[in-house]
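Visitor: So that you have it, the file is protein-v4.txt, and it contains compact mmCIF, C-alpha atoms and all ligand atoms:
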```txt
# COMPACT_ATOMS: atom_id res chain seq x y z
CA MET R 27 15.56 18.12 -3.21
CA THR R 28 11.96 17.72 -4.34
CA GLU R 29 9.25 17.85 -1.74
CA PRO R 30 7.25 14.77 -0.78
CA ILE R 31 4.07 14.26 -2.75
CA LEU R 32 2.41 12.85 0.36
CA SER R 33 3.32 13.69 3.95
CA VAL R 34 1.67 11.82 6.78
CA ARG R 35 2.18 13.02 10.35
CA ASP R 36 1.13 11.30 13.55
CA LEU R 37 -1.89 9.79 11.90
CA SER R 38 -4.14 7.72 14.15
CA ILE R 39 -7.24 5.87 13.04
CA MET R 40 -9.85 4.36 15.33
CA TYR R 41 -12.70 1.96 14.83
CA THR R 42 -15.69 2.29 17.09
CA THR R 43 -16.42 -1.15 18.40
CA GLY R 44 -18.89 -0.66 21.22
CA ARG R 45 -21.02 2.20 22.42
CA LYS R 46 -18.09 3.91 24.08
CA THR R 47 -15.12 1.81 23.13
CA GLY R 48 -12.86 1.81 20.15
CA VAL R 49 -9.66 0.30 18.88
CA THR R 50 -6.77 2.22 17.41
CA ALA R 51 -5.91 0.38 14.21
CA ALA R 52 -3.28 2.88 13.07
CA ALA R 53 -1.30 4.78 15.66
CA ASP R 54 0.95 7.82 15.24
CA VAL R 55 1.92 6.89 11.71
CA SER R 56 4.32 9.30 10.00
CA PHE R 57 6.05 9.03 6.65
CA ASP R 58 6.87 10.95 3.50
CA LEU R 59 6.31 9.57 0.05
CA TYR R 60 8.30 11.25 -2.71
CA PRO R 61 7.16 11.65 -6.31
CA GLY R 62 7.67 8.45 -8.26
CA GLN R 63 8.72 6.51 -5.16
CA SER R 64 7.20 3.20 -4.19
CA MET R 65 6.71 2.26 -0.58
CA ALA R 66 5.68 -1.18 0.62
CA LEU R 67 3.67 -1.56 3.81
CA VAL R 68 4.36 -5.01 5.21
CA GLY R 69 3.26 -6.97 8.26
CA GLU R 70 1.05 -9.84 9.31
CA SER R 71 -2.66 -9.79 8.78
CA GLY R 72 -4.50 -7.53 11.23
CA CYS R 73 -1.66 -5.08 11.81
CA GLY R 74 -3.46 -2.11 10.22
CA LYS R 75 -2.15 -1.99 6.65
CA THR R 76 -5.53 -1.77 4.95
CA THR R 77 -6.76 0.73 7.52
CA LEU R 78 -3.81 3.00 6.83
CA GLY R 79 -4.21 2.65 3.05
CA LEU R 80 -7.91 3.52 3.21
CA GLY R 81 -7.21 6.36 5.62
CA LEU R 82 -4.79 8.00 3.17
CA LEU R 83 -7.65 8.47 0.71
CA ARG R 84 -10.29 8.98 3.37
CA LEU R 85 -12.05 5.85 2.31
CA LEU R 86 -12.52 4.35 5.77
CA PRO R 87 -15.67 2.40 6.50
CA ARG R 88 -18.30 4.16 8.58
CA LEU R 89 -17.03 2.95 11.94
CA GLY R 90 -13.50 4.08 11.15
CA LYS R 91 -12.35 7.62 11.90
CA VAL R 92 -9.10 9.52 11.71
CA SER R 93 -8.69 10.53 15.34
CA SER R 94 -5.63 12.72 14.91
CA GLY R 95 -2.80 13.64 12.61
CA GLU R 96 -2.28 15.20 9.24
CA ILE R 97 -2.13 14.12 5.61
CA VAL R 98 -0.77 16.62 3.08
CA TYR R 99 -0.73 16.11 -0.68
CA ARG R 100 1.52 18.35 -2.79
CA PHE R 101 1.02 19.26 -6.41
CA LYS R 102 3.98 19.68 -8.73
CA ASP R 103 3.67 23.46 -8.57
CA GLY R 104 4.13 23.42 -4.78
CA MET R 105 0.45 23.95 -3.90
CA SER R 106 -0.75 21.58 -1.22
CA LEU R 107 -3.98 19.99 -0.05
CA ASP R 108 -4.81 19.21 3.55
CA ILE R 109 -6.58 15.93 2.90
CA LEU R 110 -8.31 15.70 6.26
CA ARG R 111 -9.96 19.10 5.69
CA LEU R 112 -11.26 18.51 2.17
CA GLY R 113 -14.97 18.87 1.58
CA LYS R 114 -16.96 16.24 -0.25
CA GLU R 115 -16.53 17.61 -3.77
CA ASP R 116 -12.80 18.32 -3.43
CA LEU R 117 -12.32 14.91 -1.91
CA ARG R 118 -14.04 13.31 -4.87
CA LYS R 119 -11.68 15.16 -7.18
CA PHE R 120 -8.66 14.28 -5.11
CA ARG R 121 -9.49 10.63 -5.37
CA TRP R 122 -8.99 9.40 -8.89
CA HIS R 123 -7.41 12.62 -10.19
CA GLU R 124 -4.56 12.79 -7.66
CA ALA R 125 -4.66 9.50 -5.81
CA ALA R 126 -6.41 6.24 -6.57
CA MET R 127 -6.75 2.91 -4.85
CA VAL R 128 -6.97 -0.69 -5.91
CA PHE R 129 -8.84 -2.31 -3.04
CA GLN R 130 -8.05 -5.59 -1.35
CA GLY R 131 -10.21 -8.31 -2.87
CA ALA R 132 -11.78 -5.91 -5.39
CA MET R 133 -11.32 -8.50 -8.09
CA ASN R 134 -14.46 -10.10 -6.77
CA SER R 135 -16.46 -6.92 -6.55
CA PHE R 136 -17.10 -6.10 -10.19
CA ASN R 137 -20.78 -5.78 -10.86
CA PRO R 138 -21.55 -9.22 -12.30
CA VAL R 139 -24.30 -8.03 -14.63
CA LEU R 140 -22.26 -5.26 -16.26
CA ARG R 141 -19.82 -5.79 -19.07
CA ILE R 142 -16.29 -4.47 -18.49
CA GLY R 143 -16.97 -1.69 -21.01
CA GLU R 144 -19.75 -0.40 -18.79
CA HIS R 145 -17.44 -0.33 -15.80
CA PHE R 146 -15.13 1.96 -17.79
CA THR R 147 -18.05 4.13 -18.90
CA ASP R 148 -19.24 4.50 -15.30
CA THR R 149 -15.79 5.39 -14.03
CA LEU R 150 -14.93 7.84 -16.79
CA ARG R 151 -18.39 9.47 -16.81
CA SER R 152 -18.53 9.99 -13.07
CA HIS R 153 -15.31 11.94 -13.20
CA GLU R 154 -15.57 13.91 -16.40
CA GLY R 155 -14.73 17.55 -15.91
CA GLY R 156 -17.29 20.37 -16.11
CA GLU R 157 -18.46 21.48 -19.54
CA ARG R 158 -17.23 18.85 -21.90
CA ARG R 159 -19.27 15.71 -21.89
CA LEU R 160 -17.43 12.61 -23.00
CA THR R 161 -18.89 11.02 -26.10
CA ARG R 162 -19.22 7.28 -26.44
CA ALA R 163 -16.32 7.37 -28.87
CA ASP R 164 -14.15 9.29 -26.36
CA ILE R 165 -14.90 6.70 -23.72
CA ALA R 166 -14.28 3.74 -26.00
CA GLU R 167 -11.00 5.24 -27.09
CA ARG R 168 -9.78 5.98 -23.57
CA ALA R 169 -10.88 2.58 -22.26
CA ALA R 170 -9.01 0.85 -25.09
CA GLU R 171 -5.93 2.92 -24.40
CA LEU R 172 -6.04 2.03 -20.70
CA LEU R 173 -6.54 -1.65 -21.39
CA ARG R 174 -3.67 -1.74 -23.85
CA MET R 175 -1.55 -0.13 -21.15
CA VAL R 176 -2.07 -3.23 -18.98
CA ARG R 177 -1.60 -5.50 -22.01
CA LEU R 178 -5.18 -6.57 -22.46
CA GLU R 179 -6.97 -6.81 -25.75
CA PRO R 180 -9.65 -4.10 -25.62
CA ALA R 181 -12.02 -5.55 -28.23
CA ARG R 182 -12.39 -8.77 -26.33
CA VAL R 183 -12.25 -7.48 -22.79
CA LEU R 184 -14.67 -4.56 -23.11
CA ARG R 185 -17.54 -6.77 -24.14
CA SER R 186 -16.84 -9.48 -21.56
CA PHE R 187 -18.69 -9.97 -18.31
CA PRO R 188 -16.49 -10.18 -15.20
CA HIS R 189 -17.07 -13.93 -14.76
CA GLU R 190 -15.67 -14.58 -18.23
CA LEU R 191 -12.26 -13.26 -17.23
CA SER R 192 -9.45 -14.71 -15.14
CA GLY R 193 -8.40 -13.25 -11.81
CA GLY R 194 -5.24 -11.84 -13.32
CA MET R 195 -7.20 -10.10 -16.08
CA LYS R 196 -9.61 -8.62 -13.57
CA GLN R 197 -6.75 -7.34 -11.46
CA ARG R 198 -5.18 -5.67 -14.52
CA ILE R 199 -8.52 -4.09 -15.35
CA LEU R 200 -8.73 -2.66 -11.83
CA ILE R 201 -5.25 -1.20 -12.22
CA ALA R 202 -6.27 0.29 -15.57
CA LEU R 203 -9.41 1.79 -14.01
CA ALA R 204 -7.40 3.25 -11.14
CA LEU R 205 -5.06 4.90 -13.62
CA ALA R 206 -7.91 6.30 -15.73
CA LEU R 207 -7.49 9.86 -14.49
CA GLU R 208 -3.71 9.78 -14.28
CA PRO R 209 -3.28 9.92 -10.50
CA GLN R 210 0.13 10.74 -9.08
CA VAL R 211 -0.30 8.36 -6.15
CA LEU R 212 -1.55 4.82 -6.47
CA VAL R 213 -2.41 2.75 -3.40
CA LEU R 214 -2.60 -0.98 -4.05
CA ASP R 215 -3.87 -3.30 -1.33
CA GLU R 216 -2.63 -6.89 -1.74
CA PRO R 217 -2.96 -6.66 -5.52
CA THR R 218 -1.54 -10.10 -6.23
CA THR R 219 -2.91 -12.10 -3.32
CA ALA R 220 -5.04 -15.02 -4.53
CA LEU R 221 -3.32 -15.08 -7.91
CA ASP R 222 -1.08 -17.91 -9.04
CA ILE R 223 2.62 -17.28 -9.05
CA LEU R 224 3.01 -16.65 -12.79
CA THR R 225 0.14 -14.18 -12.80
CA GLN R 226 1.65 -12.47 -9.76
CA ARG R 227 4.88 -12.09 -11.66
CA SER R 228 3.27 -10.57 -14.68
CA ILE R 229 1.27 -8.10 -12.57
CA VAL R 230 4.45 -7.06 -10.78
CA GLU R 231 6.25 -6.52 -14.07
CA GLN R 232 3.30 -4.55 -15.30
CA LEU R 233 3.38 -2.28 -12.29
CA HIS R 234 7.10 -1.74 -12.74
CA GLU R 235 6.63 -0.77 -16.32
CA LEU R 236 3.64 1.49 -15.71
CA ARG R 237 5.37 3.31 -12.91
CA GLU R 238 8.41 3.92 -15.06
CA ARG R 239 6.27 5.18 -17.88
CA LEU R 240 3.74 7.25 -15.96
CA GLY R 241 5.87 8.24 -12.98
CA PHE R 242 3.26 7.87 -10.24
CA ALA R 243 4.22 7.17 -6.64
CA MET R 244 2.94 3.99 -5.12
CA VAL R 245 1.96 2.64 -1.71
CA PHE R 246 1.99 -1.09 -2.02
CA ILE R 247 0.34 -3.09 0.74
CA THR R 248 1.37 -6.71 1.04
CA HIS R 249 2.15 -9.45 3.49
CA ASP R 250 4.48 -10.93 0.87
CA LEU R 251 8.03 -9.78 1.55
CA GLY R 252 9.32 -11.14 -1.74
CA LEU R 253 6.94 -8.89 -3.60
CA ALA R 254 7.82 -5.93 -1.43
CA ALA R 255 11.51 -6.50 -2.07
CA GLU R 256 10.86 -6.49 -5.75
CA LEU R 257 8.59 -3.50 -6.06
CA ALA R 258 9.55 -1.14 -3.29
CA ASP R 259 12.10 1.62 -2.97
CA ARG R 260 11.11 1.96 0.67
CA VAL R 261 9.60 -0.45 3.14
CA ALA R 262 7.62 0.22 6.29
CA THR R 263 6.93 -2.68 8.65
CA MET R 264 3.72 -2.38 10.65
CA TYR R 265 2.90 -4.10 13.90
CA ALA R 266 -0.22 -3.55 15.97
CA GLY R 267 -1.06 -0.36 14.08
CA ARG R 268 2.36 1.24 14.24
CA ILE R 269 5.22 1.56 11.83
CA ILE R 270 8.00 -0.16 13.76
CA GLU R 271 10.70 -0.10 11.12
CA THR R 272 11.23 1.87 7.94
CA GLY R 273 14.04 2.29 5.47
CA THR R 274 15.13 1.52 1.95
CA ALA R 275 14.18 -1.94 0.76
CA GLU R 276 17.84 -2.81 0.89
CA ASP R 277 18.30 -1.70 4.50
CA VAL R 278 15.12 -3.30 5.77
CA PHE R 279 15.59 -6.62 4.00
CA TYR R 280 19.34 -6.99 4.33
CA GLU R 281 19.94 -5.30 7.66
CA PRO R 282 16.65 -5.35 9.52
CA ARG R 283 16.93 -3.79 12.98
CA HIS R 284 13.58 -4.64 14.50
CA PRO R 285 13.17 -8.20 15.80
CA TYR R 286 9.71 -8.31 14.21
CA THR R 287 11.08 -7.54 10.75
CA VAL R 288 13.80 -10.13 11.34
CA GLY R 289 11.07 -12.63 12.22
CA LEU R 290 9.12 -11.86 9.05
CA ILE R 291 12.24 -12.29 6.94
CA LYS R 292 13.23 -15.56 8.59
CA ALA R 293 9.84 -16.95 7.76
CA VAL R 294 10.30 -16.72 3.97
CA PRO R 295 12.59 -18.96 1.97
CA PRO R 296 15.32 -17.14 0.05
CA VAL R 297 15.39 -17.20 -3.73
CA VAL R 298 19.07 -18.02 -3.90
CA GLY R 299 21.52 -19.82 -1.67
CA ASP R 300 21.11 -22.55 0.89
CA LEU R 301 17.80 -23.11 2.54
CA PRO R 302 18.30 -21.78 6.07
CA GLU R 303 16.17 -22.94 8.96
CA LEU R 304 12.84 -21.29 8.32
CA SER R 305 11.08 -20.24 11.45
CA SER R 306 7.80 -18.56 12.02
CA ILE R 307 7.38 -15.93 14.70
CA PRO R 308 5.91 -17.59 17.80
CA GLY R 309 2.39 -16.60 18.81
CA SER R 310 0.16 -14.22 16.92
CA PRO R 311 -0.39 -10.44 16.79
CA PRO R 312 -2.15 -9.02 19.85
CA SER R 313 -5.73 -7.88 19.91
CA LEU R 314 -5.82 -4.13 19.37
CA ALA R 315 -8.34 -3.87 22.17
CA ASP R 316 -5.88 -5.36 24.62
CA LEU R 317 -2.33 -4.39 23.70
CA PRO R 318 0.61 -5.59 25.78
CA SER R 319 2.30 -2.91 27.89
CA GLY R 320 5.46 -1.25 26.57
CA CYS R 321 6.50 -2.59 23.19
CA SER R 322 3.49 -4.42 21.70
CA PHE R 323 5.81 -7.04 20.26
CA HIS R 324 7.50 -7.95 23.55
CA PRO R 325 5.55 -11.15 24.32
CA ARG R 326 6.72 -12.65 21.01
CA CYS R 327 10.21 -11.22 20.98
CA GLY R 328 13.40 -13.24 21.38
CA TYR R 329 15.28 -10.10 22.42
CA VAL R 330 12.87 -9.04 25.15
CA ARG R 331 14.29 -7.41 28.30
CA ASP R 332 12.59 -6.08 31.40
CA GLU R 333 12.51 -2.50 30.14
CA CYS R 334 10.65 -3.58 26.98
CA THR R 335 7.55 -4.29 29.04
CA GLY R 336 7.49 -0.81 30.55
CA THR R 337 8.34 1.64 27.79
CA ARG R 338 7.07 1.77 24.26
CA PRO R 339 10.09 2.57 22.08
CA GLU R 340 9.78 5.42 19.59
CA LEU R 341 10.72 5.04 15.96
CA THR R 342 14.36 6.17 16.10
CA VAL R 343 16.65 6.99 13.22
CA LEU R 344 19.55 4.53 13.00
CA THR R 345 21.19 5.64 9.81
CA GLU R 346 20.99 9.25 8.73
CA ARG R 347 20.77 9.54 5.00
CA ALA R 348 19.06 11.65 2.44
CA LEU R 349 15.55 12.45 3.61
CA ASP R 350 13.92 9.72 1.59
CA GLU R 351 16.39 7.02 2.60
CA GLY R 352 16.79 7.06 6.37
CA HIS R 353 16.58 3.82 8.32
CA ALA R 354 14.62 3.86 11.58
CA ALA R 355 13.35 1.25 14.02
CA ALA R 356 11.27 1.28 17.19
CA CYS R 357 13.21 -1.12 19.38
CA LEU R 358 15.27 -0.48 22.50
CA ARG R 359 17.76 -3.06 21.31
CA ALA R 360 17.86 -2.03 17.64
CA GLY R 361 21.57 -1.29 17.94
CA GLU R 362 22.28 -4.88 18.93
CA ILE R 363 20.22 -6.64 16.30
CA GLU R 364 22.57 -8.12 13.79
CA TYR R 365 20.83 -10.18 11.25
CA THR R 366 22.29 -10.33 7.82
CA ARG R 367 20.63 -12.50 5.32
CA LYS R 368 23.21 -15.07 4.42
CA VAL R 369 23.28 -15.62 0.71
CA VAL R 370 25.57 -18.51 0.05
CA ALA R 371 27.81 -17.87 -2.92
CA SER R 372 28.08 -20.68 -5.39
CA ALA R 373 31.35 -22.58 -5.07
N1 LIG S 401 -14.49 -2.35 9.59
C1 LIG S 401 -13.88 -2.53 10.77
N2 LIG S 401 -14.53 -2.37 11.92
C2 LIG S 401 -13.92 -2.54 13.12
N3 LIG S 401 -12.62 -2.86 13.25
C3 LIG S 401 -11.91 -3.04 12.14
C4 LIG S 401 -12.48 -2.89 10.83
N4 LIG S 401 -11.52 -3.13 9.92
C5 LIG S 401 -10.41 -3.41 10.62
N5 LIG S 401 -10.63 -3.35 11.95
C6 LIG S 401 -9.62 -3.55 13.02
O1 LIG S 401 -8.39 -3.06 12.56
C7 LIG S 401 -7.40 -4.06 12.61
C8 LIG S 401 -6.48 -3.92 11.42
O2 LIG S 401 -7.18 -4.34 10.26
P1 LIG S 401 -6.61 -4.11 8.82
O3 LIG S 401 -6.32 -2.67 8.63
O4 LIG S 401 -7.56 -4.74 7.89
O5 LIG S 401 -5.23 -4.92 8.87
P2 LIG S 401 -4.39 -5.60 7.70
O6 LIG S 401 -4.78 -4.97 6.41
O7 LIG S 401 -2.97 -5.35 8.09
O8 LIG S 401 -4.72 -7.05 7.74
C9 LIG S 401 -8.14 -5.37 12.68
O9 LIG S 401 -7.43 -6.31 13.42
C10 LIG S 401 -9.42 -5.00 13.39
O10 LIG S 401 -9.22 -5.03 14.79
MG MG S 402 -5.54 -5.84 4.70
```
As a first step, turn the structure in this file into structure tokens.
Guide:
Amino acid sequence: MTEPILSVRDLSIMYTTGRKTGVTAAADVSFDLYPGQSMALVGESGCGKTTLGLGLLRLLPRLGKVSSGEIVYRFKDGMSLDILRLGKEDLRKFRWHEAAMVFQGAMNSFNPVLRIGEHFTDTLRSHEGGERRLTRADIAERAAELLRMVRLEPARVLRSFPHELSGGMKQRILIALALALEPQVLVLDEPTTALDILTQRSIVEQLHELRERLGFAMVFITHDLGLAAELADRVATMYAGRIIETGTAEDVFYEPRHPYTVGLIKAVPPVVGDLPELSSIPGSPPSLADLPSGCSFHPRCGYVRDECTGTRPELTVLTERALDEGHAAACLRAGEIEYTRKVVASA
């Protein structure tokens, strides 16, 4: 079996909030991402998805720090990089060349006075390797190739200013820029949020196609379960900074074993079948500065028992499978949770 391209072990990330205090926004996160695999990180807003995504590429804001854990990136030839130990220059190379990120809300962060062509020039120039300097023609050619890859018309787009383009076009451009140096891991943070449904669809199709063609692995951050179901091989549900359930998309969406995942699923209408009673999870996620004792989800949980308030359950394997397909949940009652999405067959 091939080795994971990215292995994360017991990763914790803290934000300093006061002179001596901090909050742990990602706690003891572990997972393996295999080459070409796509993993969705799902969960309500504030549960630590963006923090984890940024942490993977060491792109945390100044007040954020990895407080413990390990991130290992493996090249095809078996060589590996300890991401948390990389110096500035190696880190710069790692980003873009090996792993790239499309940031949450980045659509609105293009430099408004620069044409799209100049954004490509900046990106390609700042990463050109050693001796050979890219000529203007090289850059124009590569930019056009990248734009065609995301189905945009280079001649028009390259000379446009950001404000002349739609949100969907800007998001495609960001994906093209992220792929400029052929990374093997792409992290996308809410790449379709704020886009209309048709544009969302076309971006999703685009990502499917690109991944098939270029073979990169993907970490896809979203609060939209429908999108996760469509794009992900694996799903990890996060709550209060922890991964509380993980498995194949099929396992997690059709046989969720954590009451929180069940709650998320019940809150979205199904595409087919009868409309079941939709219900949102009562309450809201806890403040990270003041987590409930035991299982952080217990105050909102319909399955809560006394012991849930005392012990925090570990992520425990429920179904042993191939290494990249196991199903695990962090719930004392995981074995009793039986929720199967009822898809009503047509008569
Ligand atoms: N720049 C920051 N400074 C301090 N705390 C932050 C910062 N960004 C995020 N946090 C904390 O981390 C938590 C998780 O945030 P985030 O990773 O953005 O979650 P998500 O992407 O799931 O919405 C937030 O609720 C907040 O407490
Ligand atoms: Mg976020």
Visitor: Using all atoms listed in the file, what residues lie at most 12 Å away from (-8.9, 18.6, -13.5) (file coordinates), given as JSON, numbers by chain?
Guide: {"R": [116, 118, 119, 120, 121, 122, 123, 124, 153, 154, 155, 156, 157, 158, 207, 208, 209]}
Visitor: Now that the selection is made, can you save its residues with C-alpha atoms as an mmCIF file, in the frame of the given file?
Guide:
```cif
data_model
loop_
_atom_site.group_PDB
_atom_site.id
_atom_site.type_symbol
_atom_site.label_atom_id
_atom_site.label_comp_id
_atom_site.auth_asym_id
_atom_site.auth_seq_id
_atom_site.Cartn_x
_atom_site.Cartn_y
_atom_site.Cartn_z
ATOM 1 C CA ASP R 116 -12.800 18.320 -3.430
ATOM 2 C CA ARG R 118 -14.040 13.310 -4.870
ATOM 3 C CA LYS R 119 -11.680 15.160 -7.180
ATOM 4 C CA PHE R 120 -8.660 14.280 -5.110
ATOM 5 C CA ARG R 121 -9.490 10.630 -5.370
ATOM 6 C CA TRP R 122 -8.990 9.400 -8.890
ATOM 7 C CA HIS R 123 -7.410 12.620 -10.190
ATOM 8 C CA GLU R 124 -4.560 12.790 -7.660
ATOM 9 C CA HIS R 153 -15.310 11.940 -13.200
ATOM 10 C CA GLU R 154 -15.570 13.910 -16.400
ATOM 11 C CA GLY R 155 -14.730 17.550 -15.910
ATOM 12 C CA GLY R 156 -17.290 20.370 -16.110
ATOM 13 C CA GLU R 157 -18.460 21.480 -19.540
ATOM 14 C CA ARG R 158 -17.230 18.850 -21.900
ATOM 15 C CA LEU R 207 -7.490 9.860 -14.490
ATOM 16 C CA GLU R 208 -3.710 9.780 -14.280
ATOM 17 C CA PRO R 209 -3.280 9.920 -10.500
#
```
Visitor: Can you measure CA of Thr337 (chain R) to CA of Leu358 (chain R) for me? One decimal in Å is fine.
Guide: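 The value is 9.0 Å.
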Visitor: Residues within 7 Å of (-2.4, 15.3, 4.6), file coordinates, counting all atoms listed in the file: what are they? Give the list as a list in words.
Guide: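 Here is the list of nearby residues: Leu32, Ser33, Val34, Glu96, Ile97, Val98, Tyr99, Leu107, Asp108, Ile109 and Leu110 of chain R.
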Visitor: Find, counting only C-alpha atoms, the residue in R:Gly104, R:Pro61, R:Gly131, R:Gly48 that gets nearest to Gly90 (chain R).
Guide: R:Gly48
Visitor: Give the residue list for ligand MG 402 (chain S) at 12 Å, counting all atoms listed in the file, as a CSV table (one decimal) with C-alpha atoms, in the coordinates of the input, sorted by chain and then by residue number.
Guide:
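selection.csv written:
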```csv
chain,number,residue,atom,x,y,z
R,51,ALA,CA,-5.9,0.4,14.2
R,67,LEU,CA,3.7,-1.6,3.8
R,68,VAL,CA,4.4,-5.0,5.2
R,69,GLY,CA,3.3,-7.0,8.3
R,70,GLU,CA,1.0,-9.8,9.3
R,71,SER,CA,-2.7,-9.8,8.8
R,72,GLY,CA,-4.5,-7.5,11.2
R,73,CYS,CA,-1.7,-5.1,11.8
R,74,GLY,CA,-3.5,-2.1,10.2
R,75,LYS,CA,-2.2,-2.0,6.6
R,76,THR,CA,-5.5,-1.8,5.0
R,77,THR,CA,-6.8,0.7,7.5
R,78,LEU,CA,-3.8,3.0,6.8
R,79,GLY,CA,-4.2,2.6,3.0
R,80,LEU,CA,-7.9,3.5,3.2
R,128,VAL,CA,-7.0,-0.7,-5.9
R,129,PHE,CA,-8.8,-2.3,-3.0
R,130,GLN,CA,-8.0,-5.6,-1.4
R,131,GLY,CA,-10.2,-8.3,-2.9
R,132,ALA,CA,-11.8,-5.9,-5.4
R,214,LEU,CA,-2.6,-1.0,-4.0
R,215,ASP,CA,-3.9,-3.3,-1.3
R,216,GLU,CA,-2.6,-6.9,-1.7
R,217,PRO,CA,-3.0,-6.7,-5.5
R,219,THR,CA,-2.9,-12.1,-3.3
R,246,PHE,CA,2.0,-1.1,-2.0
R,247,ILE,CA,0.3,-3.1,0.7
R,248,THR,CA,1.4,-6.7,1.0
R,249,HIS,CA,2.2,-9.4,3.5
R,250,ASP,CA,4.5,-10.9,0.9
R,264,MET,CA,3.7,-2.4,10.6
R,267,GLY,CA,-1.1,-0.4,14.1
```
Visitor: With distances taken over all atoms listed in the file, which residue among R:Ala356, R:Leu86, R:Ala53, R:Ala275 lies nearest ligand LIG 401 (chain S)?
Guide: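 Closest candidate: R:Leu86.
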